[in-house]
Amino acid sequence: MQSLMDQFFNLEIMAKALPLMLSGLWMTAKLCAAVIVLGLGGGLVVALANVSPRRWLRFPSIVFTDIFRALPPLVLLIFIYSGLPFAGIEISPFAAVALAFLLNNSAYYAEVYRAGILSVGKGQWEAARSTGLSQTQTLTSVVLPQAVRNVLPDLLSNTVEVVKLTSLASVVSLSELLYTANMARSITYNASPLVLAALIYLVILWPVVRLVSRFQRRLAA
Amino acid sequence: MVSRPMLEIVSLQKCFGDNVILRDINLKVAQGELVFIIGPSGSGKSTMLRCCNRLEEPSGGDVIVDGRNIMSGTRRDLDLMRLKVGMVFQGFHLYPHMSVLNNVTLAQRKAMGRTAEEAKARAMDMLERVGLAHKADAMPAQLSGGQQQRVAIARALALDPLVMLFDEPTSALDPELVGSVLAVMKDLKAKGMTMLVVSHEMGFARETADRVIFMDGGVVVEEGAPDEIFGAPKAERTQAFLSRVTR
Ligand SMILES: Nc1ncnc2c1ncn2[C@@H]1O[C@H](COP(=O)(O)OP(=O)(O)OP(=O)(O)O)[C@@H](O)[C@H]1O
Ligand SMILES: [Mg+2]
């Protein structure tokens, strides 16, 4: 029992690993910020193209969302990081991870937005257009606010997925939270840093997951 | 000089694919006139109304509002034209995420370019007119259907339209709420608004309409004063329709 505690919940070792892991957490935060902010923006652009009446906008958007939802993000990441150099394109680990997960997540966010936009009835469009609002004004003032409200739980859920996904960045040696925890593990010959990393993910994401459930219940009511 | 009609529909045609809905509609509505439109379900009443602000794109013909052909012009002209042609829908379609006041100010600010203060003042006037100034801060979901429809009317009126189109404005309402909406429409007519109304409220038509139009098969079958159409319809199809709905 004692050895189990020593191996997994050794507070001394956790304390020693903490500075390194905080720098890892900071990296994770930067990565999440980039992927979430750009993904929310990029996803919206892709979704708008997707609901457009113009085929030349709709078609590429459908191809984009199909491809990047079907491709495993890890495959995409390794391809961008290790494959592109064969084409003479060198890219930093951070940029590779951000790009790979951005492509993946814009596709998912786009699908969520699209569902939201389609959930707003035709009557809303017609009422707004009949008062002289342009297509763009109708979209920004009338449709999108309702669309986003209708899919808020899904947007949040997807954001949780982004945070979890960033732990894959450890495979290209980007020193994010999981990578630093694993490094601490190999230095200390002790699993406690990994447990600490798991706890940090849990503490950050658990409230968000709770929030999603509450939103879902409220929307269902 | 003869006063030109406020709204003129000339040889209007509309088909959906092979399905001809409006064959050849001609109609002139004078300034301040209330024209009431009846016809069987599927006869194209809504389609005709929706062609008058190009929510539905006509397949042929012209619609002229205050002397301007709405079929020509840029996209911006189309939006400006829509300010002049108010529309009220069966399903109200208020914006559920905005207060009543913001519902009424939105297009004033964004499409007309009024300042927030101007828009608010105008909105309060219009809400006053439909008897709902005290609900300015309410959300649409907190209002009854009749109240929502009156807000929708205020929303259209706030843009200073020249013509108002009503597509079955009371059909979605509980019977006890119909009166409040019809009262607002009567008041509008009394104040000189030009109105095109599709509805089943025959009592309202007898009292308020200047002219009644019976549509069927994509054409205007018969038109006349309410007493003529309801009292002594000439066309067989009008007789058959009226005997069905007024039984
Ligand atoms: N977007 C559309 N695409 C195809 N057909 C349509 C469309 N809109 C209307 N129609 C058809 O056009 C015909 C006329 O419809 P419309 O709604 O104008 O009739 P209406 O006279 O208003 O009927 P109601 O009294 O039931 O409201 C119907 O047969 C309908 O199915
Ligand atoms: Mg109709």
# chains A, B, ... in the order shown; residues from 1 in each chain; ligands from 1
>>> residues_near_ligand(ligand="ligand 2", cutoff="8 Å", atoms="only C-alpha atoms and all ligand atoms", output="JSON, numbers by chain")
{"B": [41, 42, 44, 45, 46, 47, 167, 168, 198]}
>>> residues_near_ligand(ligand="ligand 1", cutoff="9 Å", atoms="only C-alpha atoms and all ligand atoms", output="ChimeraX atom specification")
/B:14-17,19-22,38-50,56,167-168,198-200,215-216,218
>>> residues_around(residues="segment 204-211 of chain B", least_positions_apart="4", cutoff="7 Å", atoms="only C-alpha atoms", output="VMD selection string")
chain B and resid 33 to 36 186 223 to 227
>>> closest_residue(among="A:Leu178, A:Met27, A:Leu156, A:Leu211", to="Ala197 of chain A", atoms="only C-alpha atoms")
A:Leu178
>>> atom_distance(atom1="atom CA of Asp24 of chain B", atom2="atom CA of Val197 of chain B")
19.2 Å
>>> atom_distance(atom1="atom CA of Val184 of chain B", atom2="atom CA of Val130 of chain B")
6.0 Å
>>> residues_around(residues="segment 145-151 of chain B", least_positions_apart="2", cutoff="9 Å", atoms="only C-alpha atoms", output="PyMOL selection string")
chain B and resi 88-94+100-101+103-104+126-127+130-132+140-141+143+153-156+169-170+172-174+176-181+184
>>> closest_atom_pairs(of="chain A", to="chain B", cutoff="8 Å", atoms="only C-alpha atoms", output="Markdown table")
| residue | atom | partner | partner_atom | distance |
| --- | --- | --- | --- | --- |
| A:Gly123 | CA | B:His93 | CA | 5.8 |
| A:Gln124 | CA | B:His93 | CA | 5.7 |
| A:Glu126 | CA | B:Leu55 | CA | 7.0 |
| A:Ala127 | CA | B:His93 | CA | 6.2 |
| A:Ala128 | CA | B:Ala107 | CA | 7.8 |
| A:Arg129 | CA | B:Asp79 | CA | 7.6 |
| A:Ser130 | CA | B:Arg82 | CA | 5.7 |
| A:Thr131 | CA | B:Leu83 | CA | 5.6 |
| A:Gly132 | CA | B:Asp79 | CA | 4.3 |
| A:Leu133 | CA | B:Ala111 | CA | 5.3 |
| A:Ser134 | CA | B:Asp79 | CA | 6.6 |
| A:Gln137 | CA | B:Lys110 | CA | 7.4 |
| A:Val142 | CA | B:Tyr95 | CA | 6.8 |
| A:Pro145 | CA | B:His97 | CA | 7.5 |
| A:Gln146 | CA | B:His97 | CA | 6.7 |
>>> closest_residue(among="A:Ser192, A:Thr159, A:Ser167, A:Thr65", to="Val212 of chain A", atoms="only C-alpha atoms")
A:Thr159
>>> select_by_dssp(residues="segment 2-246 of chain B", states="strand (DSSP E or B)", output="compact mmCIF listing (two decimals) with all heavy atoms, in the first residue's frame")
# COMPACT_ATOMS: atom_id res chain seq x y z
N LEU B 7 -49.58 50.57 -55.43
CA LEU B 7 -49.01 49.26 -55.76
C LEU B 7 -49.68 48.76 -57.03
O LEU B 7 -50.91 48.80 -57.14
CB LEU B 7 -49.26 48.27 -54.62
CG LEU B 7 -48.88 46.81 -54.89
CD1 LEU B 7 -47.38 46.63 -54.94
CD2 LEU B 7 -49.47 45.90 -53.81
N GLU B 8 -48.87 48.32 -57.97
CA GLU B 8 -49.44 47.81 -59.21
C GLU B 8 -48.76 46.50 -59.57
O GLU B 8 -47.54 46.41 -59.60
CB GLU B 8 -49.24 48.84 -60.33
CG GLU B 8 -49.95 48.46 -61.60
CD GLU B 8 -49.91 49.58 -62.64
OE1 GLU B 8 -49.26 50.61 -62.37
OE2 GLU B 8 -50.49 49.40 -63.72
N ILE B 9 -49.59 45.50 -59.81
CA ILE B 9 -49.08 44.19 -60.22
C ILE B 9 -49.48 43.98 -61.67
O ILE B 9 -50.66 44.09 -62.00
CB ILE B 9 -49.66 43.07 -59.33
CG1 ILE B 9 -49.27 43.31 -57.86
CG2 ILE B 9 -49.19 41.70 -59.78
CD1 ILE B 9 -49.94 42.37 -56.88
N VAL B 10 -48.49 43.73 -62.52
CA VAL B 10 -48.75 43.66 -63.96
C VAL B 10 -48.33 42.30 -64.51
O VAL B 10 -47.15 41.95 -64.45
CB VAL B 10 -47.98 44.77 -64.71
CG1 VAL B 10 -48.36 44.77 -66.18
CG2 VAL B 10 -48.22 46.13 -64.08
N SER B 11 -49.29 41.55 -65.02
CA SER B 11 -49.03 40.24 -65.66
C SER B 11 -48.09 39.38 -64.84
O SER B 11 -47.18 38.77 -65.39
CB SER B 11 -48.40 40.38 -67.05
OG SER B 11 -48.94 41.44 -67.74
N LEU B 12 -48.31 39.34 -63.55
CA LEU B 12 -47.41 38.59 -62.69
C LEU B 12 -47.56 37.09 -62.91
O LEU B 12 -48.68 36.56 -62.93
CB LEU B 12 -47.70 38.93 -61.22
CG LEU B 12 -46.84 38.22 -60.17
CD1 LEU B 12 -45.38 38.67 -60.27
CD2 LEU B 12 -47.38 38.50 -58.77
N GLN B 13 -46.41 36.44 -63.09
CA GLN B 13 -46.40 34.99 -63.25
C GLN B 13 -45.42 34.38 -62.26
O GLN B 13 -44.39 34.97 -61.97
CB GLN B 13 -45.95 34.60 -64.65
CG GLN B 13 -46.92 35.00 -65.72
CD GLN B 13 -46.28 34.93 -67.10
OE1 GLN B 13 -45.13 34.52 -67.23
NE2 GLN B 13 -47.02 35.34 -68.10
N LYS B 14 -45.80 33.19 -61.78
CA LYS B 14 -44.85 32.46 -60.94
C LYS B 14 -45.06 30.97 -61.12
O LYS B 14 -46.18 30.47 -61.00
CB LYS B 14 -45.08 32.83 -59.47
CG LYS B 14 -44.21 32.03 -58.51
CD LYS B 14 -42.74 32.39 -58.64
CE LYS B 14 -41.85 31.46 -57.83
NZ LYS B 14 -40.42 31.81 -57.98
N CYS B 15 -43.98 30.28 -61.45
CA CYS B 15 -44.08 28.83 -61.47
C CYS B 15 -42.98 28.24 -60.60
O CYS B 15 -41.90 28.81 -60.46
CB CYS B 15 -44.01 28.26 -62.88
SG CYS B 15 -43.28 29.35 -64.09
N PHE B 16 -43.30 27.12 -60.00
CA PHE B 16 -42.29 26.32 -59.31
C PHE B 16 -42.06 25.10 -60.20
O PHE B 16 -42.89 24.21 -60.25
CB PHE B 16 -42.77 25.88 -57.92
CG PHE B 16 -42.91 27.02 -56.95
CD1 PHE B 16 -44.17 27.49 -56.59
CD2 PHE B 16 -41.79 27.63 -56.41
CE1 PHE B 16 -44.30 28.54 -55.69
CE2 PHE B 16 -41.91 28.68 -55.51
CZ PHE B 16 -43.17 29.14 -55.16
N ASN B 19 -44.87 23.64 -62.33
CA ASN B 19 -46.11 23.93 -61.65
C ASN B 19 -46.42 25.43 -61.70
O ASN B 19 -45.79 26.22 -61.01
CB ASN B 19 -45.93 23.46 -60.20
CG ASN B 19 -47.24 23.18 -59.52
OD1 ASN B 19 -48.30 23.44 -60.11
ND2 ASN B 19 -47.18 22.68 -58.31
N VAL B 20 -47.39 25.80 -62.54
CA VAL B 20 -47.72 27.22 -62.69
C VAL B 20 -48.66 27.63 -61.56
O VAL B 20 -49.78 27.14 -61.48
CB VAL B 20 -48.37 27.50 -64.05
CG1 VAL B 20 -48.66 28.99 -64.19
CG2 VAL B 20 -47.47 27.02 -65.18
N ILE B 21 -48.21 28.50 -60.70
CA ILE B 21 -49.02 28.91 -59.54
C ILE B 21 -49.75 30.21 -59.86
O ILE B 21 -50.95 30.34 -59.62
CB ILE B 21 -48.14 29.11 -58.29
CG1 ILE B 21 -47.33 27.85 -58.00
CG2 ILE B 21 -49.00 29.49 -57.09
CD1 ILE B 21 -48.15 26.62 -57.76
N LEU B 22 -49.02 31.20 -60.37
CA LEU B 22 -49.64 32.45 -60.77
C LEU B 22 -49.55 32.53 -62.29
O LEU B 22 -48.46 32.51 -62.86
CB LEU B 22 -48.93 33.65 -60.13
CG LEU B 22 -48.85 33.63 -58.60
CD1 LEU B 22 -48.08 34.85 -58.09
CD2 LEU B 22 -50.24 33.60 -57.97
N ARG B 23 -50.70 32.63 -62.94
CA ARG B 23 -50.72 32.57 -64.40
C ARG B 23 -50.59 33.97 -64.99
O ARG B 23 -49.74 34.22 -65.83
CB ARG B 23 -52.05 31.94 -64.84
CG ARG B 23 -52.04 31.27 -66.17
CD ARG B 23 -53.29 30.41 -66.35
NE ARG B 23 -53.30 29.24 -65.49
CZ ARG B 23 -52.63 28.12 -65.75
NH1 ARG B 23 -51.92 28.03 -66.84
NH2 ARG B 23 -52.67 27.11 -64.92
N ASP B 24 -51.40 34.86 -64.48
CA ASP B 24 -51.41 36.22 -65.02
C ASP B 24 -52.21 37.09 -64.07
O ASP B 24 -53.43 37.21 -64.18
CB ASP B 24 -52.06 36.20 -66.42
CG ASP B 24 -52.08 37.59 -67.04
OD1 ASP B 24 -51.30 38.45 -66.59
OD2 ASP B 24 -52.88 37.80 -67.96
N ILE B 25 -51.51 37.67 -63.12
CA ILE B 25 -52.19 38.46 -62.09
C ILE B 25 -52.02 39.95 -62.39
O ILE B 25 -50.90 40.42 -62.62
CB ILE B 25 -51.60 38.18 -60.68
CG1 ILE B 25 -51.73 36.69 -60.33
CG2 ILE B 25 -52.27 39.06 -59.63
CD1 ILE B 25 -53.06 36.28 -59.79
N ASN B 26 -53.12 40.66 -62.42
CA ASN B 26 -53.09 42.11 -62.60
C ASN B 26 -53.90 42.76 -61.49
O ASN B 26 -55.03 42.34 -61.23
CB ASN B 26 -53.67 42.49 -63.96
CG ASN B 26 -52.78 41.98 -65.09
OD1 ASN B 26 -51.78 42.60 -65.44
ND2 ASN B 26 -53.13 40.83 -65.63
N LEU B 27 -53.30 43.76 -60.86
CA LEU B 27 -53.98 44.36 -59.72
C LEU B 27 -53.42 45.75 -59.49
O LEU B 27 -52.21 45.96 -59.55
CB LEU B 27 -53.74 43.47 -58.49
CG LEU B 27 -54.36 43.88 -57.16
CD1 LEU B 27 -55.88 43.85 -57.25
CD2 LEU B 27 -53.89 42.94 -56.05
N LYS B 28 -54.33 46.70 -59.24
CA LYS B 28 -53.88 48.04 -58.87
C LYS B 28 -54.45 48.37 -57.51
O LYS B 28 -55.65 48.18 -57.27
CB LYS B 28 -54.38 49.07 -59.88
CG LYS B 28 -53.65 49.05 -61.19
CD LYS B 28 -54.16 50.14 -62.11
CE LYS B 28 -53.57 49.92 -63.50
NZ LYS B 28 -54.11 50.86 -64.47
N VAL B 29 -53.60 48.84 -56.63
CA VAL B 29 -54.07 49.24 -55.31
C VAL B 29 -53.78 50.72 -55.14
O VAL B 29 -52.63 51.15 -55.22
CB VAL B 29 -53.36 48.43 -54.20
CG1 VAL B 29 -53.96 48.76 -52.85
CG2 VAL B 29 -53.45 46.94 -54.48
N LEU B 34 -57.62 49.40 -49.02
CA LEU B 34 -57.40 48.09 -48.43
C LEU B 34 -58.02 47.05 -49.36
O LEU B 34 -59.23 47.03 -49.57
CB LEU B 34 -58.01 47.97 -47.04
CG LEU B 34 -57.61 46.74 -46.21
CD1 LEU B 34 -57.78 47.00 -44.72
CD2 LEU B 34 -58.36 45.47 -46.61
N VAL B 35 -57.16 46.23 -49.95
CA VAL B 35 -57.64 45.18 -50.84
C VAL B 35 -57.53 43.85 -50.11
O VAL B 35 -56.48 43.50 -49.57
CB VAL B 35 -56.84 45.15 -52.15
CG1 VAL B 35 -57.24 43.96 -53.01
CG2 VAL B 35 -57.06 46.45 -52.92
N PHE B 36 -58.63 43.13 -50.08
CA PHE B 36 -58.73 41.90 -49.32
C PHE B 36 -58.73 40.74 -50.31
O PHE B 36 -59.48 40.75 -51.29
CB PHE B 36 -60.05 41.93 -48.54
CG PHE B 36 -60.15 40.90 -47.46
CD1 PHE B 36 -59.67 41.15 -46.18
CD2 PHE B 36 -60.76 39.67 -47.72
CE1 PHE B 36 -59.79 40.20 -45.17
CE2 PHE B 36 -60.87 38.71 -46.72
CZ PHE B 36 -60.38 38.98 -45.44
N ILE B 37 -57.89 39.74 -50.06
CA ILE B 37 -57.73 38.66 -51.03
C ILE B 37 -58.22 37.34 -50.45
O ILE B 37 -57.81 36.94 -49.36
CB ILE B 37 -56.25 38.53 -51.44
CG1 ILE B 37 -55.80 39.83 -52.10
CG2 ILE B 37 -56.05 37.36 -52.39
CD1 ILE B 37 -54.33 40.01 -52.11
N ILE B 38 -59.12 36.70 -51.18
CA ILE B 38 -59.59 35.39 -50.76
C ILE B 38 -59.36 34.39 -51.90
O ILE B 38 -59.12 34.78 -53.05
CB ILE B 38 -61.10 35.41 -50.40
CG1 ILE B 38 -61.93 35.95 -51.56
CG2 ILE B 38 -61.34 36.23 -49.14
CD1 ILE B 38 -63.43 35.90 -51.32
N GLY B 60 -42.29 36.09 -64.09
CA GLY B 60 -42.53 37.05 -65.15
C GLY B 60 -43.46 38.15 -64.66
O GLY B 60 -44.12 38.00 -63.63
N GLY B 61 -43.47 39.26 -65.39
CA GLY B 61 -44.34 40.36 -65.00
C GLY B 61 -43.61 41.39 -64.16
O GLY B 61 -42.41 41.29 -63.94
N ASP B 62 -44.37 42.39 -63.73
CA ASP B 62 -43.77 43.49 -62.98
C ASP B 62 -44.58 43.81 -61.73
O ASP B 62 -45.79 43.58 -61.69
CB ASP B 62 -43.72 44.75 -63.86
CG ASP B 62 -42.72 44.58 -65.00
OD1 ASP B 62 -41.53 44.41 -64.71
OD2 ASP B 62 -43.17 44.57 -66.18
N VAL B 63 -43.89 44.32 -60.75
CA VAL B 63 -44.54 44.86 -59.56
C VAL B 63 -44.03 46.28 -59.39
O VAL B 63 -42.82 46.51 -59.37
CB VAL B 63 -44.22 44.01 -58.31
CG1 VAL B 63 -44.84 44.65 -57.08
CG2 VAL B 63 -44.72 42.58 -58.49
N ILE B 64 -44.96 47.22 -59.33
CA ILE B 64 -44.57 48.62 -59.26
C ILE B 64 -45.07 49.22 -57.97
O ILE B 64 -46.26 49.18 -57.66
CB ILE B 64 -45.13 49.38 -60.49
CG1 ILE B 64 -44.45 48.81 -61.75
CG2 ILE B 64 -44.86 50.87 -60.37
CD1 ILE B 64 -45.30 48.89 -62.98
N VAL B 65 -44.13 49.73 -57.18
CA VAL B 65 -44.48 50.33 -55.90
C VAL B 65 -44.19 51.81 -55.97
O VAL B 65 -43.05 52.22 -56.22
CB VAL B 65 -43.65 49.69 -54.76
CG1 VAL B 65 -43.95 50.39 -53.44
CG2 VAL B 65 -43.94 48.20 -54.65
N ARG B 68 -42.24 52.91 -58.90
CA ARG B 68 -40.94 52.30 -59.21
C ARG B 68 -41.08 50.81 -59.39
O ARG B 68 -41.66 50.12 -58.56
CB ARG B 68 -39.95 52.56 -58.07
CG ARG B 68 -39.56 54.01 -57.96
CD ARG B 68 -38.64 54.17 -56.78
NE ARG B 68 -37.32 53.67 -57.10
CZ ARG B 68 -36.21 54.35 -56.82
NH1 ARG B 68 -36.29 55.51 -56.24
NH2 ARG B 68 -35.04 53.84 -57.11
N ASN B 69 -40.53 50.32 -60.48
CA ASN B 69 -40.58 48.90 -60.76
C ASN B 69 -39.57 48.18 -59.87
O ASN B 69 -38.37 48.42 -59.96
CB ASN B 69 -40.27 48.65 -62.23
CG ASN B 69 -40.61 47.23 -62.63
OD1 ASN B 69 -40.64 46.33 -61.79
ND2 ASN B 69 -40.89 47.04 -63.91
N VAL B 85 -42.13 48.36 -48.27
CA VAL B 85 -43.20 47.35 -48.37
C VAL B 85 -43.15 46.49 -47.10
O VAL B 85 -42.33 45.59 -46.98
CB VAL B 85 -43.01 46.47 -49.62
CG1 VAL B 85 -44.15 45.47 -49.73
CG2 VAL B 85 -42.94 47.33 -50.87
N GLY B 86 -43.99 46.81 -46.15
CA GLY B 86 -43.99 46.06 -44.89
C GLY B 86 -44.69 44.73 -45.05
O GLY B 86 -45.61 44.60 -45.85
N MET B 87 -44.22 43.72 -44.30
CA MET B 87 -44.88 42.43 -44.40
C MET B 87 -45.13 41.84 -43.03
O MET B 87 -44.27 41.88 -42.15
CB MET B 87 -44.02 41.46 -45.23
CG MET B 87 -44.73 40.15 -45.50
SD MET B 87 -43.98 39.33 -46.91
CE MET B 87 -45.36 38.49 -47.62
N VAL B 88 -46.33 41.27 -42.87
CA VAL B 88 -46.70 40.62 -41.62
C VAL B 88 -47.06 39.18 -41.93
O VAL B 88 -47.84 38.91 -42.84
CB VAL B 88 -47.88 41.35 -40.96
CG1 VAL B 88 -48.35 40.60 -39.72
CG2 VAL B 88 -47.48 42.78 -40.60
N VAL B 163 -46.71 50.59 -48.24
CA VAL B 163 -47.70 49.52 -48.42
C VAL B 163 -47.45 48.49 -47.33
O VAL B 163 -46.30 48.23 -46.97
CB VAL B 163 -47.51 48.83 -49.79
CG1 VAL B 163 -48.57 47.76 -50.00
CG2 VAL B 163 -47.52 49.83 -50.92
N MET B 164 -48.53 47.89 -46.83
CA MET B 164 -48.37 46.79 -45.89
C MET B 164 -49.04 45.54 -46.45
O MET B 164 -50.18 45.57 -46.89
CB MET B 164 -49.02 47.15 -44.54
CG MET B 164 -48.23 48.15 -43.71
SD MET B 164 -46.79 47.41 -42.88
CE MET B 164 -47.58 46.48 -41.58
N LEU B 165 -48.28 44.42 -46.39
CA LEU B 165 -48.80 43.14 -46.85
C LEU B 165 -49.08 42.27 -45.63
O LEU B 165 -48.22 42.13 -44.75
CB LEU B 165 -47.76 42.43 -47.73
CG LEU B 165 -47.12 43.26 -48.86
CD1 LEU B 165 -45.97 42.48 -49.50
CD2 LEU B 165 -48.17 43.63 -49.90
N PHE B 166 -50.25 41.69 -45.56
CA PHE B 166 -50.60 40.81 -44.44
C PHE B 166 -50.94 39.43 -44.98
O PHE B 166 -51.88 39.28 -45.75
CB PHE B 166 -51.82 41.35 -43.68
CG PHE B 166 -51.56 42.64 -42.94
CD1 PHE B 166 -51.64 43.86 -43.60
CD2 PHE B 166 -51.27 42.63 -41.59
CE1 PHE B 166 -51.41 45.04 -42.91
CE2 PHE B 166 -51.04 43.81 -40.90
CZ PHE B 166 -51.11 45.03 -41.56
N ASP B 167 -50.20 38.42 -44.54
CA ASP B 167 -50.51 37.06 -44.97
C ASP B 167 -51.12 36.26 -43.82
O ASP B 167 -50.41 35.77 -42.96
CB ASP B 167 -49.25 36.35 -45.49
CG ASP B 167 -49.57 35.05 -46.21
OD1 ASP B 167 -50.78 34.71 -46.31
OD2 ASP B 167 -48.64 34.36 -46.67
N THR B 194 -51.97 51.95 -47.12
CA THR B 194 -52.33 51.10 -48.25
C THR B 194 -52.07 49.65 -47.86
O THR B 194 -50.95 49.33 -47.42
CB THR B 194 -51.47 51.47 -49.48
OG1 THR B 194 -51.57 52.88 -49.70
CG2 THR B 194 -51.91 50.70 -50.71
N MET B 195 -53.07 48.81 -47.97
CA MET B 195 -52.93 47.46 -47.43
C MET B 195 -53.44 46.38 -48.38
O MET B 195 -54.46 46.53 -49.03
CB MET B 195 -53.70 47.34 -46.09
CG MET B 195 -53.18 48.27 -45.02
SD MET B 195 -54.36 48.59 -43.69
CE MET B 195 -54.26 47.09 -42.75
N LEU B 196 -52.67 45.28 -48.39
CA LEU B 196 -53.06 44.10 -49.16
C LEU B 196 -53.16 42.98 -48.13
O LEU B 196 -52.17 42.64 -47.48
CB LEU B 196 -51.96 43.82 -50.19
CG LEU B 196 -52.29 43.05 -51.45
CD1 LEU B 196 -53.50 43.62 -52.13
CD2 LEU B 196 -51.09 43.10 -52.40
N VAL B 197 -54.37 42.42 -47.96
CA VAL B 197 -54.58 41.50 -46.85
C VAL B 197 -55.11 40.16 -47.34
O VAL B 197 -56.16 40.10 -47.99
CB VAL B 197 -55.60 42.09 -45.83
CG1 VAL B 197 -55.82 41.13 -44.67
CG2 VAL B 197 -55.13 43.45 -45.33
N VAL B 198 -54.38 39.09 -47.05
CA VAL B 198 -54.89 37.74 -47.27
C VAL B 198 -55.39 37.24 -45.92
O VAL B 198 -54.64 37.26 -44.94
CB VAL B 198 -53.78 36.79 -47.78
CG1 VAL B 198 -54.30 35.35 -47.85
CG2 VAL B 198 -53.28 37.25 -49.13
N ARG B 211 -62.09 46.73 -51.44
CA ARG B 211 -62.28 45.84 -52.56
C ARG B 211 -61.92 44.44 -52.13
O ARG B 211 -61.01 44.25 -51.31
CB ARG B 211 -61.36 46.25 -53.70
CG ARG B 211 -62.10 46.38 -55.01
CD ARG B 211 -61.25 46.92 -56.13
NE ARG B 211 -59.99 47.52 -55.81
CZ ARG B 211 -58.88 47.30 -56.52
NH1 ARG B 211 -58.88 46.48 -57.54
NH2 ARG B 211 -57.77 47.92 -56.19
N VAL B 212 -62.60 43.44 -52.68
CA VAL B 212 -62.27 42.05 -52.40
C VAL B 212 -61.90 41.38 -53.72
O VAL B 212 -62.53 41.61 -54.74
CB VAL B 212 -63.46 41.30 -51.74
CG1 VAL B 212 -63.12 39.83 -51.53
CG2 VAL B 212 -63.83 41.95 -50.42
N ILE B 213 -60.82 40.61 -53.66
CA ILE B 213 -60.33 39.90 -54.84
C ILE B 213 -60.50 38.41 -54.60
O ILE B 213 -60.05 37.92 -53.57
CB ILE B 213 -58.82 40.17 -55.03
CG1 ILE B 213 -58.54 41.66 -55.11
CG2 ILE B 213 -58.26 39.40 -56.21
CD1 ILE B 213 -58.66 42.23 -56.45
N PHE B 214 -61.09 37.70 -55.52
CA PHE B 214 -61.14 36.24 -55.42
C PHE B 214 -60.15 35.65 -56.42
O PHE B 214 -60.25 35.88 -57.62
CB PHE B 214 -62.55 35.71 -55.67
CG PHE B 214 -62.61 34.21 -55.70
CD1 PHE B 214 -62.43 33.48 -54.53
CD2 PHE B 214 -62.83 33.52 -56.89
CE1 PHE B 214 -62.47 32.08 -54.55
CE2 PHE B 214 -62.86 32.14 -56.93
CZ PHE B 214 -62.69 31.41 -55.75
N MET B 215 -59.21 34.89 -55.90
CA MET B 215 -58.17 34.27 -56.75
C MET B 215 -58.40 32.78 -56.85
O MET B 215 -58.72 32.13 -55.87
CB MET B 215 -56.79 34.45 -56.08
CG MET B 215 -56.03 35.67 -56.51
SD MET B 215 -54.49 35.74 -55.61
CE MET B 215 -53.59 34.40 -56.35
N ASP B 216 -58.19 32.25 -58.03
CA ASP B 216 -58.21 30.79 -58.18
C ASP B 216 -57.53 30.45 -59.51
O ASP B 216 -57.62 31.22 -60.47
CB ASP B 216 -59.66 30.27 -58.16
CG ASP B 216 -59.70 28.77 -57.92
OD1 ASP B 216 -58.66 28.18 -57.58
OD2 ASP B 216 -60.79 28.18 -58.06
N VAL B 219 -55.22 33.10 -61.42
CA VAL B 219 -55.71 34.38 -61.94
C VAL B 219 -56.69 35.01 -60.95
O VAL B 219 -57.16 34.35 -60.03
CB VAL B 219 -56.43 34.23 -63.30
CG1 VAL B 219 -55.45 33.77 -64.37
CG2 VAL B 219 -57.59 33.27 -63.17
N VAL B 220 -56.95 36.30 -61.14
CA VAL B 220 -58.01 36.95 -60.37
C VAL B 220 -59.32 36.62 -61.06
O VAL B 220 -59.56 37.01 -62.20
CB VAL B 220 -57.80 38.48 -60.34
CG1 VAL B 220 -59.00 39.16 -59.69
CG2 VAL B 220 -56.51 38.81 -59.61
N VAL B 221 -60.17 35.85 -60.39
CA VAL B 221 -61.41 35.40 -61.01
C VAL B 221 -62.46 36.50 -60.96
O VAL B 221 -63.20 36.73 -61.91
CB VAL B 221 -61.94 34.13 -60.30
CG1 VAL B 221 -63.32 33.74 -60.83
CG2 VAL B 221 -60.95 32.98 -60.45
N GLU B 222 -62.49 37.19 -59.83
CA GLU B 222 -63.54 38.19 -59.65
C GLU B 222 -63.09 39.22 -58.65
O GLU B 222 -62.38 38.91 -57.70
CB GLU B 222 -64.81 37.49 -59.14
CG GLU B 222 -66.01 38.41 -59.05
CD GLU B 222 -67.31 37.63 -58.79
OE1 GLU B 222 -67.25 36.40 -58.72
OE2 GLU B 222 -68.35 38.28 -58.64
N GLU B 223 -63.45 40.46 -58.87
CA GLU B 223 -63.18 41.47 -57.86
C GLU B 223 -64.30 42.46 -57.79
O GLU B 223 -65.05 42.66 -58.74
CB GLU B 223 -61.85 42.17 -58.14
CG GLU B 223 -61.83 43.01 -59.39
CD GLU B 223 -60.54 43.83 -59.45
OE1 GLU B 223 -60.47 44.87 -58.76
OE2 GLU B 223 -59.64 43.42 -60.20
N GLY B 224 -64.46 43.05 -56.61
CA GLY B 224 -65.54 44.01 -56.43
C GLY B 224 -65.60 44.48 -55.00
O GLY B 224 -64.78 44.09 -54.17
>>> select_by_dssp(residues="segment 41-109 of chain B", states="alpha helix (DSSP H)", output="ChimeraX atom specification")
/B:45-51,75-84,100-109
>>> closest_residue(among="A:Pro153, A:Gly24, A:Gly121, A:Pro193", to="Ser173 of chain A", atoms="only C-alpha atoms")
A:Gly24
>>> atom_distance(atom1="atom CA of Val75 of chain A", atom2="atom CA of Ala100 of chain A")
9.1 Å
